[in-house]
$ cat input.txt   # compact mmCIF, C-alpha atoms
# COMPACT_ATOMS: atom_id res chain seq x y z
CA MET A 1 0.00 0.00 0.00
CA LYS A 2 1.15 3.46 -0.76
CA LEU A 3 0.26 5.16 2.50
CA SER A 4 2.23 7.42 4.78
CA ASP A 5 3.97 5.83 7.74
CA ALA A 6 1.50 7.57 10.06
CA SER A 7 -1.50 6.09 8.25
CA LYS A 8 0.03 2.62 8.20
CA LYS A 9 0.77 2.92 11.91
CA ALA A 10 -2.83 3.95 12.61
CA LEU A 11 -4.11 0.86 10.78
CA ILE A 12 -1.59 -1.49 12.38
CA ASP A 13 -2.14 -0.19 15.91
CA GLU A 14 -5.93 -0.16 15.64
CA PHE A 15 -6.18 -3.61 14.04
CA GLY A 16 -3.89 -4.98 16.76
CA TYR A 17 -6.00 -3.39 19.48
CA ILE A 18 -9.22 -4.70 17.95
CA ALA A 19 -7.74 -8.21 17.67
CA HIS A 20 -6.76 -8.05 21.35
CA ARG A 21 -10.24 -6.88 22.38
CA LEU A 22 -11.95 -9.56 20.29
CA ARG A 23 -10.05 -12.14 22.30
CA LYS A 24 -10.92 -10.48 25.63
CA GLU A 25 -14.64 -9.76 25.19
CA SER A 26 -16.96 -12.58 26.20
CA GLU A 27 -20.30 -11.44 24.78
CA ILE A 28 -21.08 -11.43 21.06
CA PRO A 29 -22.67 -7.93 21.05
CA ASN A 30 -19.47 -6.54 22.60
CA LYS A 31 -17.34 -8.42 20.07
CA LEU A 32 -19.41 -7.01 17.21
CA TYR A 33 -19.12 -3.51 18.62
CA VAL A 34 -15.34 -3.84 18.83
CA TYR A 35 -15.08 -5.40 15.36
CA SER A 36 -17.02 -2.50 13.83
CA ALA A 37 -14.04 -0.28 14.62
CA ALA A 38 -11.94 -2.18 12.06
CA TYR A 39 -13.76 -0.86 9.03
CA GLY A 40 -14.09 2.49 10.78
CA VAL A 41 -10.34 3.05 10.98
CA ALA A 42 -9.91 1.98 7.37
CA TYR A 43 -12.57 4.52 6.39
CA ARG A 44 -10.90 7.30 8.37
CA VAL A 45 -7.55 6.62 6.73
CA LEU A 46 -9.22 6.50 3.30
CA ASN A 47 -10.57 9.99 3.91
CA MET A 48 -7.00 11.22 4.33
CA GLU A 49 -5.15 9.02 1.81
CA PHE A 50 -6.61 7.07 -1.07
CA ASP A 51 -5.22 3.65 -1.88
CA PRO A 52 -6.99 0.93 -3.92
CA GLU A 53 -5.86 -1.83 -1.53
CA LEU A 54 -7.27 0.12 1.39
CA VAL A 55 -10.62 0.33 -0.43
CA LEU A 56 -10.57 -3.47 -0.62
CA ILE A 57 -9.67 -3.74 3.08
CA HIS A 58 -12.45 -1.33 4.05
CA ASN A 59 -15.06 -3.10 1.94
CA ILE A 60 -14.19 -6.56 3.24
CA LEU A 61 -14.17 -5.39 6.86
CA ARG A 62 -17.44 -3.49 6.47
CA ASN A 63 -19.17 -6.32 4.63
CA THR A 64 -18.01 -8.97 7.10
CA TYR A 65 -19.23 -6.88 10.01
CA THR A 66 -22.58 -6.35 8.27
CA GLN A 67 -23.00 -10.06 7.51
CA ILE A 68 -22.10 -11.29 10.97
CA ASN A 69 -24.18 -8.59 12.66
CA SER A 70 -27.18 -9.38 10.44
CA THR A 71 -27.02 -13.09 11.21
CA PHE A 72 -26.62 -12.44 14.92
CA GLY A 73 -29.56 -10.03 14.83
CA SER A 74 -31.72 -12.68 13.16
CA ILE A 75 -30.70 -15.23 15.76
CA ILE A 76 -31.56 -12.89 18.63
CA ALA A 77 -34.82 -11.67 17.08
CA GLY A 78 -35.95 -15.22 16.45
CA PRO A 79 -36.42 -15.70 12.71
CA GLU A 80 -33.14 -17.60 12.33
CA LYS A 81 -33.68 -21.08 13.70
CA VAL A 82 -30.85 -23.02 12.01
CA ILE A 83 -27.70 -20.94 11.65
CA THR A 84 -25.68 -20.12 14.75
CA ILE A 85 -22.46 -18.21 15.17
CA PRO A 86 -19.74 -20.83 14.60
CA GLU A 87 -17.59 -21.65 17.58
CA GLY A 88 -14.29 -19.84 17.41
CA LEU A 89 -15.50 -17.31 14.83
CA PHE A 90 -14.27 -14.28 16.75
CA SER A 91 -10.94 -15.90 17.65
CA PHE A 92 -10.46 -16.64 13.95
CA LEU A 93 -11.35 -13.03 13.11
CA ALA A 94 -8.96 -11.74 15.77
CA GLN A 95 -6.08 -13.79 14.37
CA SER A 96 -6.91 -12.82 10.79
CA LEU A 97 -7.07 -9.15 11.74
CA GLN A 98 -3.71 -9.43 13.52
CA ASP A 99 -2.30 -11.15 10.42
CA LEU A 100 -3.65 -8.27 8.32
CA ALA A 101 -1.88 -5.77 10.58
CA ASP A 102 1.34 -7.79 10.29
CA MET A 103 1.14 -7.87 6.48
CA ILE A 104 0.57 -4.11 6.35
CA SER A 105 3.53 -3.62 8.70
CA LYS A 106 5.80 -5.71 6.48
CA GLY A 107 4.50 -4.18 3.26
CA GLU A 108 3.31 -7.61 2.13
CA ASP A 109 0.23 -8.72 0.21
CA THR A 110 -2.92 -8.61 2.34
CA THR A 111 -4.93 -11.03 0.21
CA ILE A 112 -4.59 -14.08 2.48
CA PRO A 113 -5.78 -12.47 5.74
CA LEU A 114 -8.54 -10.63 3.85
CA GLY A 115 -9.66 -13.94 2.36
CA LYS A 116 -9.78 -15.47 5.83
CA ILE A 117 -11.85 -12.57 7.12
CA ALA A 118 -14.28 -13.02 4.22
CA ILE A 119 -14.50 -16.76 4.96
CA ALA A 120 -15.37 -16.01 8.59
CA ALA A 121 -18.35 -13.93 7.52
CA TYR A 122 -19.34 -16.50 4.90
CA ALA A 123 -19.58 -19.07 7.71
CA THR A 124 -22.55 -17.07 9.03
CA THR A 125 -24.54 -17.38 5.78
CA GLY A 126 -26.84 -20.29 4.98
CA ASN A 127 -24.48 -22.01 2.58
CA GLY A 128 -21.37 -21.09 4.55
CA TYR A 129 -22.82 -22.50 7.76
CA TYR A 130 -23.77 -25.69 5.89
CA LEU A 131 -20.17 -26.04 4.67
CA TYR A 132 -18.95 -25.31 8.22
CA GLN A 133 -21.19 -28.10 9.57
CA LYS A 134 -19.84 -30.49 6.93
CA GLY A 135 -16.29 -29.64 7.98
CA ILE A 136 -15.40 -28.20 4.56
CA LEU A 137 -15.23 -24.59 5.77
CA LYS A 138 -12.85 -24.49 8.70
CA LEU A 139 -12.19 -21.62 11.06

$ encode --input "input.txt" --output "C-alpha cells"
Amino acid sequence: MKLSDASKKALIDEFGYIAHRLRKESEIPNKLYVYSAAYGVAYRVLNMEFDPELVLIHNILRNTYTQINSTFGSIIAGPEKVITIPEGLFSFLAQSLQDLADMISKGEDTTIPLGKIAIAAYATTGNGYYLYQKGILKL
C-alpha cells in the first residue's frame, strides 16, 4: 500500500487493538461492537489518503461486520432457527485481523488475511454454515 507511515501505523495499531479486544470480550454484542471499529479506521484513513488496496480492506471489513451482525440479529430476534455463530469465529477473526496488521507492517500482500476474514463472515450465511457443519469450511 502506498500510504504514509502515520496512516500505516494507525491501521496497524488499531487492528492490533481490535484483535486483542476480540479475544478479551466474552459477549457477542461486545465483540461485534469492537469489530465494527476495524472498518471504521480503514474509512478514516481513506478519507485522508486514497489507496486501492485500502478500499478493498475497508469493503471486506465493512461487509463482514454487516453479515455477521445481520445473522446475529436474526438469531436474537428469532427468525433464524438453524444458523448459529460458529464456535471460534471471533478468535479466527482476531487472528486474521492481527495477520492483516502484520502484512501491512511488512508491506506484504494482504490477500490471504482478507480472504480469511471473508470466509469467517461466509460461515454465518446459509451455505457457509452448511459447509462449516460439513467440515469443509474451517475456522

$ closest_residue --input "input.txt" --among "A:Leu3, A:Leu32, A:Ala19, A:Val45" --to "Ser70 in chain A" --atoms "all atoms listed in the file"
A:Leu32

$ closest_residue --input "input.txt" --among "A:Tyr132, A:Phe15, A:Phe92, A:Tyr39" --to "Asn63 in chain A" --atoms "all atoms listed in the file"
A:Tyr39

$ closest_residue --input "input.txt" --among "A:Ala10, A:Leu22, A:Leu61, A:Ile68" --to "Ala94 in chain A" --atoms "all atoms listed in the file"
A:Leu22

$ residues_near_point --input "input.txt" --point "(-10.0, -18.2, 11.8)" --cutoff "9 Å" --atoms "only C-alpha atoms" --output "ChimeraX atom specification"
/A:88-96,116-117,119-120,138-139

$ closest_residue --input "input.txt" --among "A:Ile112, A:Ile104, A:Ala77, A:Ile85" --to "Lys2 in chain A" --atoms "all atoms listed in the file"
A:Ile104

$ atom_distance --input "input.txt" --atom1 "CA of Val55 in chain A" --atom2 "CA of Thr110 in chain A"
12.1 Å

$ axis_aligned_box --input "input.txt" --around "range 101-104 of chain A" --padding-each-side "5 Å" --output "lines of an AutoDock Vina configuration file"
center_x = -0.3
center_y = -6.0
center_z = 8.5
size_x = 13.2
size_y = 13.8
size_z = 14.2

$ closest_residue --input "input.txt" --among "A:Thr125, A:Ser7, A:Asn47, A:Gln98" --to "Glu80 in chain A" --atoms "only C-alpha atoms"
A:Thr125

$ closest_residue --input "input.txt" --among "A:Met103, A:Ile57, A:Ala123, A:Ile75" --to "Val41 in chain A" --atoms "only C-alpha atoms"
A:Ile57

$ residues_around --input "input.txt" --residues "Glu14 in chain A" --least-positions-apart "2" --cutoff "10 Å" --atoms "all atoms listed in the file" --output "list in words"
Lys8, Lys9, Ala10, Leu11, Ile12, Gly16, Tyr17, Ile18, Ala19, His20, Ala37, Ala38, Gly40, Val41, Ala42, Leu97, Gln98 and Ala101 of chain A

$ atom_distance --input "input.txt" --atom1 "CA of Met1 in chain A" --atom2 "CA of Arg21 in chain A"
25.6 Å

$ atom_distance --input "input.txt" --atom1 "CA of Glu108 in chain A" --atom2 "CA of Tyr35 in chain A"
22.8 Å

$ decode --input "input.txt" --residues "range 82-115 of chain A" --atoms "N, CA and C atoms" --output "JSON list (two decimals), in the first residue's frame"
[["chain", "number", "residue", "atom", "x", "y", "z"],
["A", 82, "VAL", "N", -31.81, -21.97, 12.38],
["A", 82, "VAL", "CA", -30.85, -23.02, 12.01],
["A", 82, "VAL", "C", -29.41, -22.56, 12.20],
["A", 83, "ILE", "N", -29.07, -21.43, 11.62],
["A", 83, "ILE", "CA", -27.70, -20.94, 11.65],
["A", 83, "ILE", "C", -27.37, -20.39, 13.04],
["A", 84, "THR", "N", -26.19, -20.72, 13.52],
["A", 84, "THR", "CA", -25.68, -20.12, 14.75],
["A", 84, "THR", "C", -24.31, -19.51, 14.42],
["A", 85, "ILE", "N", -23.80, -18.76, 15.34],
["A", 85, "ILE", "CA", -22.46, -18.21, 15.17],
["A", 85, "ILE", "C", -21.48, -19.35, 15.42],
["A", 86, "PRO", "N", -20.66, -19.71, 14.42],
["A", 86, "PRO", "CA", -19.74, -20.83, 14.60],
["A", 86, "PRO", "C", -18.79, -20.62, 15.77],
["A", 87, "GLU", "N", -18.52, -21.70, 16.46],
["A", 87, "GLU", "CA", -17.59, -21.65, 17.58],
["A", 87, "GLU", "C", -16.22, -21.22, 17.08],
["A", 88, "GLY", "N", -15.62, -20.30, 17.78],
["A", 88, "GLY", "CA", -14.29, -19.84, 17.41],
["A", 88, "GLY", "C", -14.26, -18.77, 16.33],
["A", 89, "LEU", "N", -15.44, -18.31, 15.90],
["A", 89, "LEU", "CA", -15.50, -17.31, 14.83],
["A", 89, "LEU", "C", -14.70, -16.06, 15.20],
["A", 90, "PHE", "N", -14.91, -15.54, 16.39],
["A", 90, "PHE", "CA", -14.27, -14.28, 16.75],
["A", 90, "PHE", "C", -12.77, -14.46, 17.04],
["A", 91, "SER", "N", -12.37, -15.62, 17.50],
["A", 91, "SER", "CA", -10.94, -15.90, 17.65],
["A", 91, "SER", "C", -10.27, -15.95, 16.28],
["A", 92, "PHE", "N", -10.96, -16.57, 15.32],
["A", 92, "PHE", "CA", -10.46, -16.64, 13.95],
["A", 92, "PHE", "C", -10.36, -15.24, 13.36],
["A", 93, "LEU", "N", -11.38, -14.42, 13.59],
["A", 93, "LEU", "CA", -11.35, -13.03, 13.11],
["A", 93, "LEU", "C", -10.21, -12.25, 13.75],
["A", 94, "ALA", "N", -10.03, -12.44, 15.05],
["A", 94, "ALA", "CA", -8.96, -11.74, 15.77],
["A", 94, "ALA", "C", -7.60, -12.09, 15.17],
["A", 95, "GLN", "N", -7.36, -13.37, 14.93],
["A", 95, "GLN", "CA", -6.08, -13.79, 14.37],
["A", 95, "GLN", "C", -5.91, -13.26, 12.95],
["A", 96, "SER", "N", -6.97, -13.31, 12.17],
["A", 96, "SER", "CA", -6.91, -12.82, 10.79],
["A", 96, "SER", "C", -6.66, -11.32, 10.75],
["A", 97, "LEU", "N", -7.27, -10.59, 11.67],
["A", 97, "LEU", "CA", -7.07, -9.15, 11.74],
["A", 97, "LEU", "C", -5.64, -8.83, 12.18],
["A", 98, "GLN", "N", -5.10, -9.61, 13.11],
["A", 98, "GLN", "CA", -3.71, -9.43, 13.52],
["A", 98, "GLN", "C", -2.77, -9.75, 12.36],
["A", 99, "ASP", "N", -3.09, -10.80, 11.60],
["A", 99, "ASP", "CA", -2.30, -11.15, 10.42],
["A", 99, "ASP", "C", -2.34, -10.02, 9.39],
["A", 100, "LEU", "N", -3.51, -9.41, 9.24],
["A", 100, "LEU", "CA", -3.65, -8.27, 8.32],
["A", 100, "LEU", "C", -2.74, -7.13, 8.76],
["A", 101, "ALA", "N", -2.75, -6.83, 10.05],
["A", 101, "ALA", "CA", -1.88, -5.77, 10.58],
["A", 101, "ALA", "C", -0.42, -6.11, 10.32],
["A", 102, "ASP", "N", -0.05, -7.36, 10.51],
["A", 102, "ASP", "CA", 1.34, -7.79, 10.29],
["A", 102, "ASP", "C", 1.74, -7.64, 8.82],
["A", 103, "MET", "N", 0.84, -7.99, 7.91],
["A", 103, "MET", "CA", 1.14, -7.87, 6.48],
["A", 103, "MET", "C", 1.30, -6.40, 6.08],
["A", 104, "ILE", "N", 0.45, -5.55, 6.63],
["A", 104, "ILE", "CA", 0.57, -4.11, 6.35],
["A", 104, "ILE", "C", 1.91, -3.61, 6.89],
["A", 105, "SER", "N", 2.28, -4.04, 8.09],
["A", 105, "SER", "CA", 3.53, -3.62, 8.70],
["A", 105, "SER", "C", 4.74, -4.02, 7.86],
["A", 106, "LYS", "N", 4.68, -5.20, 7.28],
["A", 106, "LYS", "CA", 5.80, -5.71, 6.48],
["A", 106, "LYS", "C", 5.74, -5.26, 5.02],
["A", 107, "GLY", "N", 4.65, -4.59, 4.65],
["A", 107, "GLY", "CA", 4.50, -4.18, 3.26],
["A", 107, "GLY", "C", 4.21, -5.35, 2.34],
["A", 108, "GLU", "N", 3.60, -6.40, 2.89],
["A", 108, "GLU", "CA", 3.31, -7.61, 2.13],
["A", 108, "GLU", "C", 1.86, -7.63, 1.66],
["A", 109, "ASP", "N", 1.57, -8.56, 0.78],
["A", 109, "ASP", "CA", 0.23, -8.72, 0.21],
["A", 109, "ASP", "C", -0.77, -9.08, 1.30],
["A", 110, "THR", "N", -1.90, -8.41, 1.31],
["A", 110, "THR", "CA", -2.92, -8.61, 2.34],
["A", 110, "THR", "C", -4.02, -9.57, 1.91],
["A", 111, "THR", "N", -3.87, -10.18, 0.75],
["A", 111, "THR", "CA", -4.93, -11.03, 0.21],
["A", 111, "THR", "C", -5.28, -12.20, 1.12],
["A", 112, "ILE", "N", -4.30, -12.89, 1.67],
["A", 112, "ILE", "CA", -4.59, -14.08, 2.48],
["A", 112, "ILE", "C", -5.38, -13.73, 3.75],
["A", 113, "PRO", "N", -4.95, -12.77, 4.56],
["A", 113, "PRO", "CA", -5.78, -12.47, 5.74],
["A", 113, "PRO", "C", -7.15, -11.90, 5.36],
["A", 114, "LEU", "N", -7.23, -11.14, 4.28],
["A", 114, "LEU", "CA", -8.54, -10.63, 3.85],
["A", 114, "LEU", "C", -9.45, -11.78, 3.42],
["A", 115, "GLY", "N", -8.88, -12.76, 2.75],
["A", 115, "GLY", "CA", -9.66, -13.94, 2.36],
["A", 115, "GLY", "C", -10.18, -14.68, 3.57]]
